[in-house]
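Asker: This is the structure, below, for whatever I ask next.
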Amino acid sequence: MSLTKVSLLSVDLSAIAHATEDINKVEQSIRFMAECVSKTEVNFTRRYMRGHHGNVIATVSARLSPKEVSNETLRLLSSKLSDEDRRYLSRDLRNCMDEEGNVYLRFDKQRAYLGSLTLHQGDPIRMKLKFPSRHKPEIIAAVCKESGLIL
């Protein structure tokens with residue numbers, strides 16, 4: 001199978017906007033991330049809920065559909081990551097994947113707001129890269145390697 005025929009199906013982005021955060025700034029962070037992988041304008045979905053102490057928490061999300069992503073999406077993402085982050089993904093990609101062909105990445109929300117992409121686990125922007133579920137993890141890893149996402 002040619003790796004160029006393994007296409008990305010969608011990219012989902014989401015983050016939590018805590019009561020102490022400006023929801024517009026959280027949206028701006030997600031917009032920056034979307035612009036790093038696609039030239040399409042994103043539409044946001046906001047969901048509101050109450051926290052344990054009654055504070056308002058919002059989930060902000062956006063989806064890039066198959067029409068809005070391409071084979072270049074992973075290359076664009078790769079070009080924005082540091083060598084250190086790409087080495088981390090090279091070592092830990094299996095832990096970022098599920099059995100459905102999805103790759104989950106977490107990015108620093110504050111740094112995205114300031115215009116840079118950095119992997120980060122705490123209070124992140126979550127990115128879900130959806131591949132066709134018929135592809136085995138080894139194929140997805142090979143696609144990630146070919147695109148430069150992993151070394």
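Chain labels follow the order of the structure tokens: the first chain is A, the next B, and so on; residue numbering restarts at 1 in every chain, and ligands are counted from 1 in their shown order.
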Each residue of stretch 105-143 of chain A with at least one atom at most 7 Å from stretch 29-37 of chain A should appear once, together with its nearest atom pair and the corresponding distance in Å (one decimal); atoms considered: only C-alpha atoms; ordering: chain, then increasing residue number; output as JSON lines.
Answerer:
{"residue": "A:Lys109", "atom": "CA", "partner": "A:Ser29", "partner_atom": "CA", "distance": 6.3}
{"residue": "A:Ala112", "atom": "CA", "partner": "A:Ser29", "partner_atom": "CA", "distance": 4.9}
{"residue": "A:Tyr113", "atom": "CA", "partner": "A:Ser29", "partner_atom": "CA", "distance": 4.3}
{"residue": "A:Gly115", "atom": "CA", "partner": "A:Phe32", "partner_atom": "CA", "distance": 6.8}
Asker: Pick out each residue of stretch 47-102 of chain A that DSSP on the backbone tags as strand (DSSP E); I need them as a ChimeraX atom specification.
Answerer: /A:47-50,56-64,102
Asker: Output C-alpha atoms for every residue in that selection, as an mmCIF file, in the first residue's frame.
Answerer:
data_model
loop_
_atom_site.group_PDB
_atom_site.id
_atom_site.type_symbol
_atom_site.label_atom_id
_atom_site.label_comp_id
_atom_site.auth_asym_id
_atom_site.auth_seq_id
_atom_site.Cartn_x
_atom_site.Cartn_y
_atom_site.Cartn_z
ATOM 1 C CA ARG A 47 -20.608 24.121 25.261
ATOM 2 C CA TYR A 48 -21.175 25.489 28.739
ATOM 3 C CA MET A 49 -21.332 23.590 32.003
ATOM 4 C CA ARG A 50 -20.933 24.168 35.718
ATOM 5 C CA VAL A 56 -18.923 28.297 34.508
ATOM 6 C CA ILE A 57 -16.665 26.163 32.316
ATOM 7 C CA ALA A 58 -16.851 26.227 28.529
ATOM 8 C CA THR A 59 -15.565 23.684 26.048
ATOM 9 C CA VAL A 60 -14.510 25.249 22.774
ATOM 10 C CA SER A 61 -14.097 22.991 19.756
ATOM 11 C CA ALA A 62 -13.583 23.112 16.003
ATOM 12 C CA ARG A 63 -13.429 20.446 13.310
ATOM 13 C CA LEU A 64 -11.585 20.414 10.018
ATOM 14 C CA ASN A 102 -6.817 8.173 15.749
#
Asker: Counting only C-alpha atoms, figure out which residue out of A:Leu129, A:Leu89, A:Leu119, A:Leu114 gets nearest to A:Pro66.
Answerer: A:Leu129
Asker: Point out the residue among A:Thr20, A:Ser38, A:Asn43, A:Ser78 with the least atom-to-atom distance to A:Asn55, counting only C-alpha atoms.
Answerer: A:Thr20
Asker: Write out as a PyMOL selection string all residues of chain A that backbone DSSP assigns to alpha helix (DSSP H).
Answerer: chain A and resi 23-37+73-80+83-92+109-113+137-147
Asker: Output N, CA and C atoms for every residue in that selection, as a CSV table (one decimal), in the first residue's frame.
Answerer:
chain,number,residue,atom,x,y,z
A,23,ILE,N,-12.7,33.5,27.0
A,23,ILE,CA,-13.0,32.4,26.0
A,23,ILE,C,-12.6,32.8,24.6
A,24,ASN,N,-12.6,34.1,24.3
A,24,ASN,CA,-12.1,34.6,23.0
A,24,ASN,C,-10.6,34.3,22.8
A,25,LYS,N,-9.9,34.4,23.8
A,25,LYS,CA,-8.4,34.1,23.7
A,25,LYS,C,-8.2,32.6,23.5
A,26,VAL,N,-9.1,31.8,24.2
A,26,VAL,CA,-9.0,30.3,23.9
A,26,VAL,C,-9.3,30.0,22.5
A,27,GLU,N,-10.4,30.7,22.0
A,27,GLU,CA,-10.7,30.5,20.5
A,27,GLU,C,-9.6,30.9,19.6
A,28,GLN,N,-8.9,32.0,20.0
A,28,GLN,CA,-7.8,32.5,19.2
A,28,GLN,C,-6.7,31.5,19.2
A,29,SER,N,-6.4,30.8,20.3
A,29,SER,CA,-5.4,29.8,20.4
A,29,SER,C,-5.7,28.6,19.5
A,30,ILE,N,-7.0,28.2,19.5
A,30,ILE,CA,-7.4,27.1,18.6
A,30,ILE,C,-7.4,27.5,17.1
A,31,ARG,N,-7.8,28.8,16.9
A,31,ARG,CA,-7.7,29.3,15.5
A,31,ARG,C,-6.3,29.2,15.0
A,32,PHE,N,-5.3,29.6,15.8
A,32,PHE,CA,-3.9,29.6,15.4
A,32,PHE,C,-3.5,28.1,15.1
A,33,MET,N,-3.9,27.2,15.9
A,33,MET,CA,-3.6,25.8,15.6
A,33,MET,C,-4.2,25.3,14.3
A,34,ALA,N,-5.4,25.7,14.1
A,34,ALA,CA,-6.1,25.3,12.8
A,34,ALA,C,-5.4,25.9,11.6
A,35,GLU,N,-4.9,27.1,11.8
A,35,GLU,CA,-4.2,27.8,10.7
A,35,GLU,C,-2.8,27.1,10.4
A,36,CYS,N,-2.3,26.4,11.4
A,36,CYS,CA,-1.0,25.7,11.2
A,36,CYS,C,-1.2,24.5,10.4
A,37,VAL,N,-2.4,24.0,10.2
A,37,VAL,CA,-2.6,22.7,9.5
A,37,VAL,C,-3.5,22.9,8.3
A,73,THR,N,-1.3,18.3,5.5
A,73,THR,CA,-1.7,18.7,6.9
A,73,THR,C,-0.6,18.2,7.9
A,74,LEU,N,-0.2,17.0,7.8
A,74,LEU,CA,0.8,16.5,8.7
A,74,LEU,C,2.1,17.1,8.5
A,75,ARG,N,2.5,17.4,7.3
A,75,ARG,CA,3.8,18.1,7.0
A,75,ARG,C,3.8,19.5,7.6
A,76,LEU,N,2.6,20.2,7.4
A,76,LEU,CA,2.5,21.5,8.0
A,76,LEU,C,2.6,21.5,9.5
A,77,LEU,N,2.0,20.5,10.1
A,77,LEU,CA,2.1,20.4,11.6
A,77,LEU,C,3.5,20.1,12.0
A,78,SER,N,4.1,19.2,11.3
A,78,SER,CA,5.5,18.8,11.6
A,78,SER,C,6.5,19.9,11.5
A,79,SER,N,6.2,20.8,10.6
A,79,SER,CA,7.2,21.9,10.4
A,79,SER,C,7.1,23.0,11.5
A,80,LYS,N,6.0,22.9,12.3
A,80,LYS,CA,5.8,23.9,13.4
A,80,LYS,C,6.3,23.3,14.7
A,83,ASP,N,12.3,20.0,17.3
A,83,ASP,CA,12.9,18.7,17.2
A,83,ASP,C,12.6,17.9,18.5
A,84,GLU,N,12.6,18.6,19.6
A,84,GLU,CA,12.4,17.9,20.9
A,84,GLU,C,11.0,17.3,20.9
A,85,ASP,N,10.0,18.0,20.5
A,85,ASP,CA,8.6,17.5,20.5
A,85,ASP,C,8.5,16.3,19.5
A,86,ARG,N,9.2,16.4,18.3
A,86,ARG,CA,9.1,15.3,17.4
A,86,ARG,C,9.9,14.1,17.9
A,87,ARG,N,10.9,14.3,18.7
A,87,ARG,CA,11.6,13.1,19.3
A,87,ARG,C,10.7,12.5,20.3
A,88,TYR,N,10.0,13.3,21.1
A,88,TYR,CA,9.0,12.8,22.1
A,88,TYR,C,8.0,11.9,21.4
A,89,LEU,N,7.4,12.5,20.3
A,89,LEU,CA,6.4,11.7,19.6
A,89,LEU,C,7.0,10.4,19.0
A,90,SER,N,8.2,10.5,18.5
A,90,SER,CA,8.8,9.3,18.0
A,90,SER,C,8.9,8.2,19.0
A,91,ARG,N,9.2,8.5,20.3
A,91,ARG,CA,9.3,7.6,21.3
A,91,ARG,C,7.9,7.1,21.8
A,92,ASP,N,6.9,8.0,21.8
A,92,ASP,CA,5.7,7.8,22.5
A,92,ASP,C,4.4,7.7,21.6
A,109,LYS,N,-1.8,25.6,25.5
A,109,LYS,CA,-2.8,26.6,25.2
A,109,LYS,C,-2.2,28.0,25.2
A,110,GLN,N,-1.4,28.4,26.2
A,110,GLN,CA,-0.8,29.7,26.3
A,110,GLN,C,0.1,30.0,25.2
A,111,ARG,N,1.0,29.0,24.8
A,111,ARG,CA,1.9,29.2,23.8
A,111,ARG,C,1.2,29.3,22.4
A,112,ALA,N,0.2,28.6,22.2
A,112,ALA,CA,-0.6,28.7,21.0
A,112,ALA,C,-1.2,30.1,20.9
A,113,TYR,N,-1.6,30.7,21.9
A,113,TYR,CA,-2.1,32.0,21.9
A,113,TYR,C,-1.0,33.0,21.5
A,137,PRO,N,-1.9,0.4,13.3
A,137,PRO,CA,-1.0,1.4,13.9
A,137,PRO,C,0.3,1.6,13.2
A,138,GLU,N,0.9,0.5,12.6
A,138,GLU,CA,2.2,0.5,11.9
A,138,GLU,C,2.1,1.4,10.7
A,139,ILE,N,0.9,1.4,10.0
A,139,ILE,CA,0.8,2.2,8.8
A,139,ILE,C,0.6,3.6,9.2
A,140,ILE,N,-0.1,3.9,10.2
A,140,ILE,CA,-0.3,5.3,10.7
A,140,ILE,C,1.1,5.8,11.1
A,141,ALA,N,1.9,5.0,11.9
A,141,ALA,CA,3.2,5.5,12.3
A,141,ALA,C,4.1,5.7,11.1
A,142,ALA,N,4.0,4.9,10.0
A,142,ALA,CA,4.8,5.1,8.8
A,142,ALA,C,4.4,6.4,8.1
A,143,VAL,N,3.1,6.8,8.1
A,143,VAL,CA,2.6,8.0,7.5
A,143,VAL,C,3.1,9.2,8.3
A,144,CYS,N,3.1,9.1,9.7
A,144,CYS,CA,3.6,10.1,10.5
A,144,CYS,C,5.1,10.3,10.3
A,145,LYS,N,5.8,9.2,10.1
A,145,LYS,CA,7.3,9.3,9.8
A,145,LYS,C,7.5,10.0,8.5
A,146,GLU,N,6.8,9.5,7.5
A,146,GLU,CA,7.0,10.1,6.1
A,146,GLU,C,6.7,11.6,6.1
A,147,SER,N,5.8,12.1,6.9
A,147,SER,CA,5.4,13.5,7.0
A,147,SER,C,6.4,14.3,7.8
